[in-house]
>>> print(open('coords_5.pdb').read())   # PDB, C-alpha atoms and all ligand atoms
MODEL        1
ATOM      1  CA  MET L   1       0.000   0.000   0.000
ATOM      2  CA  ARG L   2       1.132   3.508  -0.813
ATOM      3  CA  LEU L   3      -0.645   5.937   1.435
ATOM      4  CA  ILE L   4      -0.558   9.705   1.916
ATOM      5  CA  LEU L   5      -1.502  11.092   5.329
ATOM      6  CA  LEU L   6      -2.872  14.622   5.149
ATOM      7  CA  GLY L   7      -3.727  16.823   8.079
ATOM      8  CA  ALA L   8      -2.972  20.068   9.856
ATOM      9  CA  PRO L   9       0.187  20.395  11.972
ATOM     10  CA  GLY L  10      -0.524  18.394  15.118
ATOM     11  CA  ALA L  11      -3.492  16.530  13.615
ATOM     12  CA  GLY L  12      -1.835  13.276  14.650
ATOM     13  CA  LYS L  13      -0.190  12.216  11.385
ATOM     14  CA  GLY L  14       2.973  11.005  13.116
ATOM     15  CA  THR L  15       0.986   9.258  15.862
ATOM     16  CA  GLN L  16      -1.299   7.409  13.442
ATOM     17  CA  ALA L  17       1.515   6.721  10.957
ATOM     18  CA  GLU L  18       3.361   4.706  13.641
ATOM     19  CA  ARG L  19       0.294   2.511  14.119
ATOM     20  CA  ILE L  20      -0.471   2.072  10.402
ATOM     21  CA  SER L  21       3.192   1.220   9.875
ATOM     22  CA  GLU L  22       3.017  -1.549  12.503
ATOM     23  CA  LYS L  23      -0.242  -2.996  11.167
ATOM     24  CA  TYR L  24       0.659  -2.988   7.463
ATOM     25  CA  ASN L  25       4.399  -3.518   7.926
ATOM     26  CA  ILE L  26       5.394  -0.603   5.715
ATOM     27  CA  PRO L  27       7.708   2.279   6.654
ATOM     28  CA  THR L  28       6.673   5.853   7.365
ATOM     29  CA  VAL L  29       8.431   8.507   5.321
ATOM     30  CA  SER L  30       8.087  11.814   7.164
ATOM     31  CA  THR L  31       9.583  14.809   5.363
ATOM     32  CA  GLY L  32       9.429  16.732   8.666
ATOM     33  CA  ASN L  33      11.578  14.063  10.368
ATOM     34  CA  LEU L  34      13.969  13.910   7.389
ATOM     35  CA  LEU L  35      14.358  17.700   7.524
ATOM     36  CA  ARG L  36      14.846  17.748  11.316
ATOM     37  CA  ALA L  37      17.515  15.038  10.972
ATOM     38  CA  ALA L  38      19.295  17.173   8.330
ATOM     39  CA  VAL L  39      19.116  20.207  10.651
ATOM     40  CA  ALA L  40      20.471  18.173  13.595
ATOM     41  CA  ALA L  41      23.297  16.795  11.429
ATOM     42  CA  GLY L  42      24.183  20.344  10.337
ATOM     43  CA  THR L  43      24.123  19.494   6.614
ATOM     44  CA  GLU L  44      23.977  22.303   4.036
ATOM     45  CA  LEU L  45      20.396  21.326   3.199
ATOM     46  CA  GLY L  46      19.473  21.317   6.893
ATOM     47  CA  MET L  47      20.946  24.788   7.412
ATOM     48  CA  LYS L  48      18.975  26.135   4.441
ATOM     49  CA  ALA L  49      15.742  24.490   5.678
ATOM     50  CA  LYS L  50      15.940  25.587   9.326
ATOM     51  CA  SER L  51      14.790  29.204   8.964
ATOM     52  CA  TYR L  52      11.726  28.177   6.948
ATOM     53  CA  MET L  53      10.796  25.522   9.520
ATOM     54  CA  ASP L  54      11.276  27.847  12.477
ATOM     55  CA  SER L  55       9.007  30.464  10.895
ATOM     56  CA  GLY L  56       6.240  27.947  10.079
ATOM     57  CA  SER L  57       6.643  28.279   6.284
ATOM     58  CA  LEU L  58       7.141  25.506   3.777
ATOM     59  CA  VAL L  59      10.719  24.599   2.898
ATOM     60  CA  PRO L  60      11.408  25.189  -0.858
ATOM     61  CA  ASP L  61      10.409  22.246  -3.044
ATOM     62  CA  GLU L  62      13.884  21.627  -4.448
ATOM     63  CA  LEU L  63      15.213  20.823  -0.949
ATOM     64  CA  VAL L  64      12.313  18.592   0.131
ATOM     65  CA  VAL L  65      11.880  16.692  -3.130
ATOM     66  CA  SER L  66      15.502  15.503  -3.211
ATOM     67  CA  LEU L  67      15.231  14.192   0.372
ATOM     68  CA  LEU L  68      11.971  12.422  -0.405
ATOM     69  CA  ALA L  69      13.203  10.885  -3.676
ATOM     70  CA  GLU L  70      16.283   9.454  -1.965
ATOM     71  CA  ARG L  71      14.263   7.980   0.894
ATOM     72  CA  ILE L  72      11.555   6.273  -1.176
ATOM     73  CA  ALA L  73      14.223   4.729  -3.422
ATOM     74  CA  GLU L  74      15.486   2.718  -0.416
ATOM     75  CA  ASP L  75      14.827  -1.033  -0.238
ATOM     76  CA  ASP L  76      12.322  -0.962   2.623
ATOM     77  CA  CYS L  77       9.936   1.183   0.534
ATOM     78  CA  LYS L  78       9.608  -1.464  -2.215
ATOM     79  CA  ASN L  79       6.363  -2.917  -0.845
ATOM     80  CA  GLY L  80       4.784   0.403   0.011
ATOM     81  CA  PHE L  81       5.078   3.355   2.367
ATOM     82  CA  ILE L  82       3.179   5.983   4.282
ATOM     83  CA  LEU L  83       3.953   9.567   3.283
ATOM     84  CA  ASP L  84       3.610  11.850   6.314
ATOM     85  CA  GLY L  85       4.013  15.521   5.430
ATOM     86  CA  PHE L  86       4.419  15.123   1.666
ATOM     87  CA  PRO L  87       2.905  16.389  -0.564
ATOM     88  CA  ARG L  88       2.104  19.673   1.130
ATOM     89  CA  SER L  89       0.939  21.647  -1.889
ATOM     90  CA  VAL L  90      -0.713  20.880  -5.198
ATOM     91  CA  ARG L  91       2.627  21.520  -6.895
ATOM     92  CA  GLN L  92       4.305  18.840  -4.732
ATOM     93  CA  ALA L  93       1.490  16.405  -5.610
ATOM     94  CA  GLU L  94       2.175  17.066  -9.288
ATOM     95  CA  VAL L  95       5.900  16.479  -8.718
ATOM     96  CA  LEU L  96       5.075  13.118  -7.125
ATOM     97  CA  GLU L  97       3.102  12.171 -10.228
ATOM     98  CA  GLU L  98       5.952  13.385 -12.469
ATOM     99  CA  MET L  99       8.272  11.067 -10.490
ATOM    100  CA  GLY L 100       5.970   8.185 -11.505
ATOM    101  CA  VAL L 101       4.853   7.516  -7.927
ATOM    102  CA  THR L 102       1.275   6.248  -7.813
ATOM    103  CA  VAL L 103      -0.765   6.372  -4.621
ATOM    104  CA  ASP L 104      -3.547   4.000  -3.483
ATOM    105  CA  LYS L 105      -5.200   6.165  -0.843
ATOM    106  CA  VAL L 106      -5.020   9.601   0.711
ATOM    107  CA  LEU L 107      -6.269   9.817   4.276
ATOM    108  CA  SER L 108      -7.026  13.227   5.737
ATOM    109  CA  LEU L 109      -7.121  13.584   9.533
ATOM    110  CA  GLU L 110      -9.774  16.198  10.296
ATOM    111  CA  VAL L 111      -9.117  18.140  13.520
ATOM    112  CA  THR L 112     -10.255  21.649  14.560
ATOM    113  CA  ASP L 113      -7.658  24.426  14.933
ATOM    114  CA  GLU L 114      -8.580  24.753  18.615
ATOM    115  CA  ASN L 115      -7.680  21.110  19.349
ATOM    116  CA  ILE L 116      -4.504  21.418  17.268
ATOM    117  CA  ILE L 117      -3.165  24.197  19.500
ATOM    118  CA  ALA L 118      -3.773  22.147  22.683
ATOM    119  CA  ARG L 119      -2.047  19.110  21.195
ATOM    120  CA  LEU L 120       1.063  20.878  19.994
ATOM    121  CA  ALA L 121       1.561  22.733  23.266
ATOM    122  CA  GLY L 122       1.926  19.365  25.072
ATOM    123  CA  ARG L 123       3.916  17.494  22.453
ATOM    124  CA  ARG L 124       7.288  15.917  23.169
ATOM    125  CA  ALA L 125       9.293  14.404  20.323
ATOM    126  CA  CYS L 126      12.187  12.006  19.901
ATOM    127  CA  LEU L 127      14.710  13.391  17.428
ATOM    128  CA  LYS L 128      16.449  10.032  17.135
ATOM    129  CA  CYS L 129      13.607   7.682  16.099
ATOM    130  CA  GLY L 130      10.792  10.162  15.358
ATOM    131  CA  ALA L 131       8.369   8.825  18.004
ATOM    132  CA  THR L 132       5.820  11.328  19.332
ATOM    133  CA  TYR L 133       4.390  11.761  22.841
ATOM    134  CA  HIS L 134       2.009  14.104  24.639
ATOM    135  CA  ILE L 135       2.398  15.086  28.286
ATOM    136  CA  GLU L 136      -1.275  14.240  28.975
ATOM    137  CA  SER L 137      -2.711  11.998  26.271
ATOM    138  CA  LYS L 138       0.396   9.880  25.569
ATOM    139  CA  PRO L 139       3.111  10.328  28.201
ATOM    140  CA  PRO L 140       6.318   8.287  27.966
ATOM    141  CA  VAL L 141       6.871   5.681  30.700
ATOM    142  CA  LYS L 142       9.837   7.695  32.023
ATOM    143  CA  GLU L 143       9.498  11.485  31.803
ATOM    144  CA  GLY L 144      11.711  13.012  29.115
ATOM    145  CA  VAL L 145      12.912   9.653  27.724
ATOM    146  CA  CYS L 146      11.744   7.887  24.543
ATOM    147  CA  ASP L 147      10.099   4.497  25.276
ATOM    148  CA  LYS L 148      11.258   3.132  21.934
ATOM    149  CA  CYS L 149      14.941   4.070  21.734
ATOM    150  CA  GLY L 150      15.843   5.638  25.094
ATOM    151  CA  ALA L 151      16.887   9.003  23.594
ATOM    152  CA  GLU L 152      16.028  12.324  25.238
ATOM    153  CA  LEU L 153      12.639  13.859  24.322
ATOM    154  CA  ILE L 154      12.547  17.475  23.145
ATOM    155  CA  ILE L 155      10.046  20.289  22.603
ATOM    156  CA  ARG L 156      10.237  21.127  18.900
ATOM    157  CA  ASP L 157      11.396  24.657  17.988
ATOM    158  CA  ASP L 158       8.290  25.139  15.847
ATOM    159  CA  ASP L 159       5.858  24.271  18.669
ATOM    160  CA  LYS L 160       5.781  27.856  19.994
ATOM    161  CA  VAL L 161       2.299  29.421  19.982
ATOM    162  CA  GLU L 162       3.097  32.111  17.369
ATOM    163  CA  THR L 163       4.732  29.563  15.042
ATOM    164  CA  ILE L 164       1.803  27.148  15.453
ATOM    165  CA  GLN L 165      -0.534  29.911  14.238
ATOM    166  CA  LYS L 166       1.613  30.503  11.158
ATOM    167  CA  ARG L 167       1.823  26.749  10.443
ATOM    168  CA  LEU L 168      -1.970  26.545  10.584
ATOM    169  CA  GLU L 169      -2.256  29.428   8.097
ATOM    170  CA  THR L 170       0.240  27.697   5.792
ATOM    171  CA  PHE L 171      -1.787  24.478   6.074
ATOM    172  CA  HIS L 172      -5.113  26.110   5.211
ATOM    173  CA  SER L 173      -3.744  28.118   2.273
ATOM    174  CA  GLN L 174      -1.293  25.649   0.703
ATOM    175  CA  THR L 175      -1.978  22.094   1.901
ATOM    176  CA  GLU L 176      -5.746  21.901   2.323
ATOM    177  CA  PRO L 177      -6.383  22.363  -1.466
ATOM    178  CA  LEU L 178      -4.918  18.847  -1.820
ATOM    179  CA  LYS L 179      -8.221  17.473  -0.537
ATOM    180  CA  ASP L 180      -9.885  18.785  -3.668
ATOM    181  CA  PHE L 181      -6.989  17.526  -5.840
ATOM    182  CA  TYR L 182      -7.211  13.933  -4.511
ATOM    183  CA  GLY L 183     -10.997  14.058  -4.010
ATOM    184  CA  LYS L 184     -11.386  14.490  -7.776
ATOM    185  CA  LYS L 185      -9.265  11.365  -8.292
ATOM    186  CA  GLY L 186     -11.591   9.365  -6.019
ATOM    187  CA  ILE L 187      -8.875   8.231  -3.583
ATOM    188  CA  LEU L 188      -9.501  10.632  -0.678
ATOM    189  CA  ARG L 189     -10.816   9.333   2.688
ATOM    190  CA  LEU L 190     -11.650  11.589   5.646
ATOM    191  CA  ALA L 191     -11.045  10.451   9.240
ATOM    192  CA  TYR L 192     -12.897  12.766  11.629
ATOM    193  CA  ASP L 193     -11.374  13.389  15.051
ATOM    194  CA  GLN L 194     -12.589  10.919  17.689
ATOM    195  CA  PHE L 195     -10.558  12.825  20.328
ATOM    196  CA  THR L 196      -8.272  10.124  21.740
ATOM    197  CA  PRO L 197      -5.349   8.593  19.847
ATOM    198  CA  ASP L 198      -6.812   5.053  20.205
ATOM    199  CA  ALA L 199     -10.292   6.058  19.012
ATOM    200  CA  ASN L 200      -8.686   7.872  16.086
ATOM    201  CA  THR L 201      -6.716   4.747  15.195
ATOM    202  CA  ALA L 202      -9.957   2.734  15.044
ATOM    203  CA  GLU L 203     -11.421   5.375  12.702
ATOM    204  CA  VAL L 204      -8.258   5.426  10.581
ATOM    205  CA  PHE L 205      -8.275   1.628  10.136
ATOM    206  CA  LYS L 206     -11.972   1.751   9.248
ATOM    207  CA  GLN L 207     -11.257   4.308   6.522
ATOM    208  CA  LEU L 208      -8.354   2.262   5.183
ATOM    209  CA  GLN L 209     -10.434  -0.922   4.668
TER
HETATM  210  P1  LIG L 301       6.184  18.237  10.009
HETATM  211  O1  LIG L 301       7.144  17.583  10.899
HETATM  212  O2  LIG L 301       5.572  17.447   8.903
HETATM  213  O3  LIG L 301       5.092  18.901  10.922
HETATM  214  P2  LIG L 301       3.519  19.102  10.759
HETATM  215  O4  LIG L 301       2.830  18.721   9.513
HETATM  216  O5  LIG L 301       3.368  20.504  11.182
HETATM  217  O6  LIG L 301       2.952  18.018  11.648
HETATM  218  P3  LIG L 301       3.413  17.662  13.051
HETATM  219  O7  LIG L 301       4.580  16.733  13.018
HETATM  220  O8  LIG L 301       3.579  18.939  13.844
HETATM  221  O9  LIG L 301       2.130  16.959  13.643
HETATM  222  P4  LIG L 301       1.477  15.549  13.415
HETATM  223  O10 LIG L 301       0.248  15.697  12.570
HETATM  224  O11 LIG L 301       2.474  14.520  13.007
HETATM  225  O12 LIG L 301       0.960  15.295  14.889
HETATM  226  P5  LIG L 301       1.523  14.346  16.039
HETATM  227  O13 LIG L 301       1.218  12.924  15.744
HETATM  228  O14 LIG L 301       2.928  14.720  16.369
HETATM  229  O15 LIG L 301       6.830  19.531   9.325
HETATM  230  C1  LIG L 301       7.564  20.488  10.056
HETATM  231  C2  LIG L 301       8.056  21.584   9.114
HETATM  232  O16 LIG L 301       8.920  20.994   8.114
HETATM  233  C3  LIG L 301       6.984  22.290   8.298
HETATM  234  O17 LIG L 301       6.415  23.374   9.009
HETATM  235  C4  LIG L 301       7.783  22.745   7.071
HETATM  236  O18 LIG L 301       8.547  23.898   7.350
HETATM  237  C5  LIG L 301       8.733  21.597   6.841
HETATM  238  N1  LIG L 301       8.218  20.591   5.894
HETATM  239  C6  LIG L 301       7.891  19.291   6.164
HETATM  240  N2  LIG L 301       7.457  18.663   5.061
HETATM  241  C7  LIG L 301       7.503  19.595   4.069
HETATM  242  C8  LIG L 301       7.167  19.560   2.678
HETATM  243  N3  LIG L 301       6.660  18.450   2.083
HETATM  244  N4  LIG L 301       7.338  20.696   1.957
HETATM  245  C9  LIG L 301       7.833  21.816   2.516
HETATM  246  N5  LIG L 301       8.166  21.919   3.814
HETATM  247  C10 LIG L 301       8.003  20.819   4.581
HETATM  248  O19 LIG L 301       0.535  14.800  17.218
HETATM  249  C11 LIG L 301       0.668  16.077  17.834
HETATM  250  C12 LIG L 301       0.565  15.939  19.354
HETATM  251  O20 LIG L 301      -0.771  15.575  19.727
HETATM  252  C13 LIG L 301       1.459  14.836  19.943
HETATM  253  O21 LIG L 301       1.937  15.271  21.174
HETATM  254  C14 LIG L 301       0.511  13.619  20.087
HETATM  255  O22 LIG L 301       0.938  12.744  21.120
HETATM  256  C15 LIG L 301      -0.805  14.314  20.406
HETATM  257  N6  LIG L 301      -1.980  13.627  19.875
HETATM  258  C16 LIG L 301      -2.094  12.978  18.685
HETATM  259  N7  LIG L 301      -3.346  12.518  18.532
HETATM  260  C17 LIG L 301      -4.045  12.925  19.632
HETATM  261  C18 LIG L 301      -5.397  12.793  20.051
HETATM  262  N8  LIG L 301      -6.296  12.148  19.317
HETATM  263  N9  LIG L 301      -5.764  13.340  21.244
HETATM  264  C19 LIG L 301      -4.879  13.997  22.002
HETATM  265  N10 LIG L 301      -3.572  14.166  21.681
HETATM  266  C20 LIG L 301      -3.166  13.626  20.488
ENDMDL
END
>>> encode(input="coords_5.pdb", output="structure tokens")
Amino acid sequence: MRLILLGAPGAGKGTQAERISEKYNIPTVSTGNLLRAAVAAGTELGMKAKSYMDSGSLVPDELVVSLLAERIAEDDCKNGFILDGFPRSVRQAEVLEEMGVTVDKVLSLEVTDENIIARLAGRRACLKCGATYHIESKPPVKEGVCDKCGAELIIRDDDKVETIQKRLETFHSQTEPLKDFYGKKGILRLAYDQFTPDANTAEVFKQLQ
């Protein structure tokens, strides 16, 4: 299965992608995680991307597309993958098609802006393996430590209130039109917020049947 997960920042794409990945045994390809890894490694691409990420804008296509193309060419993506955070604009969706990448389903996680702000304010993230936690709805077993790989959990630089607002604006203006783009192709499914991560997973699996 080749799946695209759409949704506002903080809609739960990373959270649900982990669970879909386990169930269907396909990897998650998160352009946000790839970019954060490049920033942490101090690569030239990472340094160019950082200012866009910190301001809540989209990173220029030429930087993101090369990262994505390299990642989906890897062996573990042969039997399918979940794209989390790509495409993020109609232009990126067209680029994916130009690359010859076909997609089976596009699942949009539908969450209100109000709930998004509450979620992102409590998020903790693992930079090493990409796992995501929330101080109330999904706390790690040991505070500040990733359950999966034992690395330290961080608050992302772009989870400040003013940046969250800008990311939401970017989502509504540039990413949300993708629902129309994929809706016209007949492959769009909507998963409405059921409020807890587990209830959302049940809804997600229902929509993927
Ligand atoms: P990216 O990393 O993709 O961030 P995002 O889309 O803003 O999404 P998030 O990772 O913030 O949220 P999520 O939906 O994964 O939610 P999560 O599961 O963590 O991108 C970051 C930046 O990189 C962009 O701003 C841009 O600059 C750049 N970028 C990336 N891709 C790009 C591209 N293709 N083109 C250009 N630029 C690009 O959940 C959030 C929190 O809520 C967690 O704490 C979680 O535990 C909690 N939670 C989840 N579900 C629930 C629930 N049901 N109830 C309560 N809490 C919940």
>>> resolve_selection(input="coords_5.pdb", expression="the PyMOL selection byres (((chain L and resi 94-104) around 7) and not hetatm)", output="list in words")
Met1, Arg2, Leu3, Val90, Arg91, Gln92, Ala93, Lys105 and Ile187 of chain L
>>> write_last_selection(input="coords_5.pdb", atoms="C-alpha atoms", output="compact mmCIF listing (two decimals), in the frame of the given file")
# COMPACT_ATOMS: atom_id res chain seq x y z
CA MET L 1 0.00 0.00 0.00
CA ARG L 2 1.13 3.51 -0.81
CA LEU L 3 -0.64 5.94 1.44
CA VAL L 90 -0.71 20.88 -5.20
CA ARG L 91 2.63 21.52 -6.90
CA GLN L 92 4.30 18.84 -4.73
CA ALA L 93 1.49 16.40 -5.61
CA LYS L 105 -5.20 6.16 -0.84
CA ILE L 187 -8.88 8.23 -3.58
>>> closest_atom_pairs(input="coords_5.pdb", of="chain L", to="ligand LIG 301 (chain L)", cutoff="6 Å", atoms="only C-alpha atoms and all ligand atoms", output="Markdown table")
| residue | atom | partner | partner_atom | distance |
| --- | --- | --- | --- | --- |
| L:Ala8 | CA | L:LIG301 | O4 | 6.0 |
| L:Pro9 | CA | L:LIG301 | O5 | 3.3 |
| L:Gly10 | CA | L:LIG301 | O9 | 3.4 |
| L:Ala11 | CA | L:LIG301 | O10 | 4.0 |
| L:Gly12 | CA | L:LIG301 | O13 | 3.3 |
| L:Lys13 | CA | L:LIG301 | O10 | 3.7 |
| L:Gly14 | CA | L:LIG301 | O11 | 3.6 |
| L:Thr15 | CA | L:LIG301 | O13 | 3.7 |
| L:Thr31 | CA | L:LIG301 | N2 | 4.4 |
| L:Gly32 | CA | L:LIG301 | O1 | 3.3 |
| L:Asn33 | CA | L:LIG301 | O1 | 5.7 |
| L:Tyr52 | CA | L:LIG301 | O18 | 5.3 |
| L:Met53 | CA | L:LIG301 | O18 | 3.5 |
| L:Gly56 | CA | L:LIG301 | O17 | 4.7 |
| L:Ser57 | CA | L:LIG301 | O18 | 4.9 |
| L:Leu58 | CA | L:LIG301 | N5 | 3.7 |
| L:Val59 | CA | L:LIG301 | N5 | 3.8 |
| L:Pro60 | CA | L:LIG301 | C9 | 6.0 |
| L:Val64 | CA | L:LIG301 | N4 | 5.7 |
| L:Gly85 | CA | L:LIG301 | O2 | 4.3 |
| L:Phe86 | CA | L:LIG301 | N3 | 4.0 |
| L:Pro87 | CA | L:LIG301 | N3 | 5.0 |
| L:Arg88 | CA | L:LIG301 | N3 | 4.8 |
| L:Arg119 | CA | L:LIG301 | O20 | 4.0 |
| L:Leu120 | CA | L:LIG301 | C12 | 5.0 |
| L:Gly122 | CA | L:LIG301 | O21 | 5.7 |
| L:Arg123 | CA | L:LIG301 | O21 | 3.2 |
| L:Arg124 | CA | L:LIG301 | O21 | 5.7 |
| L:Thr132 | CA | L:LIG301 | O14 | 5.4 |
| L:Tyr133 | CA | L:LIG301 | O22 | 4.0 |
| L:His134 | CA | L:LIG301 | O21 | 3.7 |
| L:Ser137 | CA | L:LIG301 | N10 | 5.1 |
| L:Lys138 | CA | L:LIG301 | O22 | 5.3 |
| L:Arg167 | CA | L:LIG301 | O17 | 5.9 |
| L:Phe195 | CA | L:LIG301 | N8 | 4.4 |
| L:Thr196 | CA | L:LIG301 | N8 | 3.7 |
| L:Pro197 | CA | L:LIG301 | N8 | 3.7 |
| L:Asn200 | CA | L:LIG301 | N8 | 5.9 |
>>> write_last_selection(input="coords_5.pdb", atoms="C-alpha atoms", output="PDB file, keeping the file's coordinate frame")
ATOM      1  CA  ALA L   8      -2.972  20.068   9.856  1.00  0.00           C
ATOM      2  CA  PRO L   9       0.187  20.395  11.972  1.00  0.00           C
ATOM      3  CA  GLY L  10      -0.524  18.394  15.118  1.00  0.00           C
ATOM      4  CA  ALA L  11      -3.492  16.530  13.615  1.00  0.00           C
ATOM      5  CA  GLY L  12      -1.835  13.276  14.650  1.00  0.00           C
ATOM      6  CA  LYS L  13      -0.190  12.216  11.385  1.00  0.00           C
ATOM      7  CA  GLY L  14       2.973  11.005  13.116  1.00  0.00           C
ATOM      8  CA  THR L  15       0.986   9.258  15.862  1.00  0.00           C
ATOM      9  CA  THR L  31       9.583  14.809   5.363  1.00  0.00           C
ATOM     10  CA  GLY L  32       9.429  16.732   8.666  1.00  0.00           C
ATOM     11  CA  ASN L  33      11.578  14.063  10.368  1.00  0.00           C
ATOM     12  CA  TYR L  52      11.726  28.177   6.948  1.00  0.00           C
ATOM     13  CA  MET L  53      10.796  25.522   9.520  1.00  0.00           C
ATOM     14  CA  GLY L  56       6.240  27.947  10.079  1.00  0.00           C
ATOM     15  CA  SER L  57       6.643  28.279   6.284  1.00  0.00           C
ATOM     16  CA  LEU L  58       7.141  25.506   3.777  1.00  0.00           C
ATOM     17  CA  VAL L  59      10.719  24.599   2.898  1.00  0.00           C
ATOM     18  CA  PRO L  60      11.408  25.189  -0.858  1.00  0.00           C
ATOM     19  CA  VAL L  64      12.313  18.592   0.131  1.00  0.00           C
ATOM     20  CA  GLY L  85       4.013  15.521   5.430  1.00  0.00           C
ATOM     21  CA  PHE L  86       4.419  15.123   1.666  1.00  0.00           C
ATOM     22  CA  PRO L  87       2.905  16.389  -0.564  1.00  0.00           C
ATOM     23  CA  ARG L  88       2.104  19.673   1.130  1.00  0.00           C
ATOM     24  CA  ARG L 119      -2.047  19.110  21.195  1.00  0.00           C
ATOM     25  CA  LEU L 120       1.063  20.878  19.994  1.00  0.00           C
ATOM     26  CA  GLY L 122       1.926  19.365  25.072  1.00  0.00           C
ATOM     27  CA  ARG L 123       3.916  17.494  22.453  1.00  0.00           C
ATOM     28  CA  ARG L 124       7.288  15.917  23.169  1.00  0.00           C
ATOM     29  CA  THR L 132       5.820  11.328  19.332  1.00  0.00           C
ATOM     30  CA  TYR L 133       4.390  11.761  22.841  1.00  0.00           C
ATOM     31  CA  HIS L 134       2.009  14.104  24.639  1.00  0.00           C
ATOM     32  CA  SER L 137      -2.711  11.998  26.271  1.00  0.00           C
ATOM     33  CA  LYS L 138       0.396   9.880  25.569  1.00  0.00           C
ATOM     34  CA  ARG L 167       1.823  26.749  10.443  1.00  0.00           C
ATOM     35  CA  PHE L 195     -10.558  12.825  20.328  1.00  0.00           C
ATOM     36  CA  THR L 196      -8.272  10.124  21.740  1.00  0.00           C
ATOM     37  CA  PRO L 197      -5.349   8.593  19.847  1.00  0.00           C
ATOM     38  CA  ASN L 200      -8.686   7.872  16.086  1.00  0.00           C
TER      39      ASN L 200
END
>>> atom_distance(input="coords_5.pdb", atom1="CA of Gly186 (chain L)", atom2="CA of Gln174 (chain L)")
20.4 Å
>>> resolve_selection(input="coords_5.pdb", expression="the PyMOL selection byres (((chain L and resi 159) around 9) and not hetatm)", output="mmCIF file with C-alpha atoms, in the coordinates of the input")
data_model
loop_
_atom_site.group_PDB
_atom_site.id
_atom_site.type_symbol
_atom_site.label_atom_id
_atom_site.label_comp_id
_atom_site.auth_asym_id
_atom_site.auth_seq_id
_atom_site.Cartn_x
_atom_site.Cartn_y
_atom_site.Cartn_z
ATOM 1 C CA ASP L 54 11.276 27.847 12.477
ATOM 2 C CA LEU L 120 1.063 20.878 19.994
ATOM 3 C CA ALA L 121 1.561 22.733 23.266
ATOM 4 C CA GLY L 122 1.926 19.365 25.072
ATOM 5 C CA ARG L 123 3.916 17.494 22.453
ATOM 6 C CA ILE L 155 10.046 20.289 22.603
ATOM 7 C CA ARG L 156 10.237 21.127 18.900
ATOM 8 C CA ASP L 157 11.396 24.657 17.988
ATOM 9 C CA ASP L 158 8.290 25.139 15.847
ATOM 10 C CA LYS L 160 5.781 27.856 19.994
ATOM 11 C CA VAL L 161 2.299 29.421 19.982
ATOM 12 C CA GLU L 162 3.097 32.111 17.369
ATOM 13 C CA THR L 163 4.732 29.563 15.042
ATOM 14 C CA ILE L 164 1.803 27.148 15.453
#
>>> resolve_selection(input="coords_5.pdb", expression="the PyMOL selection byres (((chain L and resi 146-154) around 8) and not hetatm)", output="ChimeraX atom specification")
/L:124-129,131,140-142,144-145,155-156
>>> closest_residue(input="coords_5.pdb", among="L:Glu70, L:Asp61, L:Ser108, L:Pro177", to="Arg189 (chain L)", atoms="only C-alpha atoms")
L:Ser108
>>> atom_distance(input="coords_5.pdb", atom1="CA of His172 (chain L)", atom2="CA of Ile116 (chain L)")
13.0 Å
>>> closest_residue(input="coords_5.pdb", among="L:Glu110, L:Glu143, L:Asp84, L:Glu22", to="Glu176 (chain L)", atoms="all atoms listed in the file")
L:Glu110
>>> atom_distance(input="coords_5.pdb", atom1="CA of Ala69 (chain L)", atom2="CA of Thr43 (chain L)")
17.3 Å
>>> axis_aligned_box(input="coords_5.pdb", around="region 89-96 of chain L", padding_each_side="4 Å", output="lines of an AutoDock Vina configuration file")
center_x = 2.6
center_y = 17.4
center_z = -5.6
size_x = 14.6
size_y = 16.5
size_z = 15.4
>>> closest_residue(input="coords_5.pdb", among="L:Leu168, L:Leu109, L:Leu178, L:Ala40", to="Val204 (chain L)", atoms="only C-alpha atoms")
L:Leu109
>>> residues_around(input="coords_5.pdb", residues="Ala41 (chain L)", least_positions_apart="5", cutoff="12 Å", atoms="all atoms listed in the file", output="PDB file with C-alpha atoms, in the coordinates of the input")
ATOM      1  CA  LEU L  34      13.969  13.910   7.389  1.00  0.00           C
ATOM      2  CA  LEU L  35      14.358  17.700   7.524  1.00  0.00           C
ATOM      3  CA  ARG L  36      14.846  17.748  11.316  1.00  0.00           C
ATOM      4  CA  GLY L  46      19.473  21.317   6.893  1.00  0.00           C
ATOM      5  CA  MET L  47      20.946  24.788   7.412  1.00  0.00           C
ATOM      6  CA  LYS L  50      15.940  25.587   9.326  1.00  0.00           C
ATOM      7  CA  LEU L 127      14.710  13.391  17.428  1.00  0.00           C
ATOM      8  CA  LYS L 128      16.449  10.032  17.135  1.00  0.00           C
TER       9      LYS L 128
END
>>> closest_residue(input="coords_5.pdb", among="L:Ile82, L:Glu136, L:Ser173, L:Leu107", to="Arg19 (chain L)", atoms="only C-alpha atoms")
L:Ile82
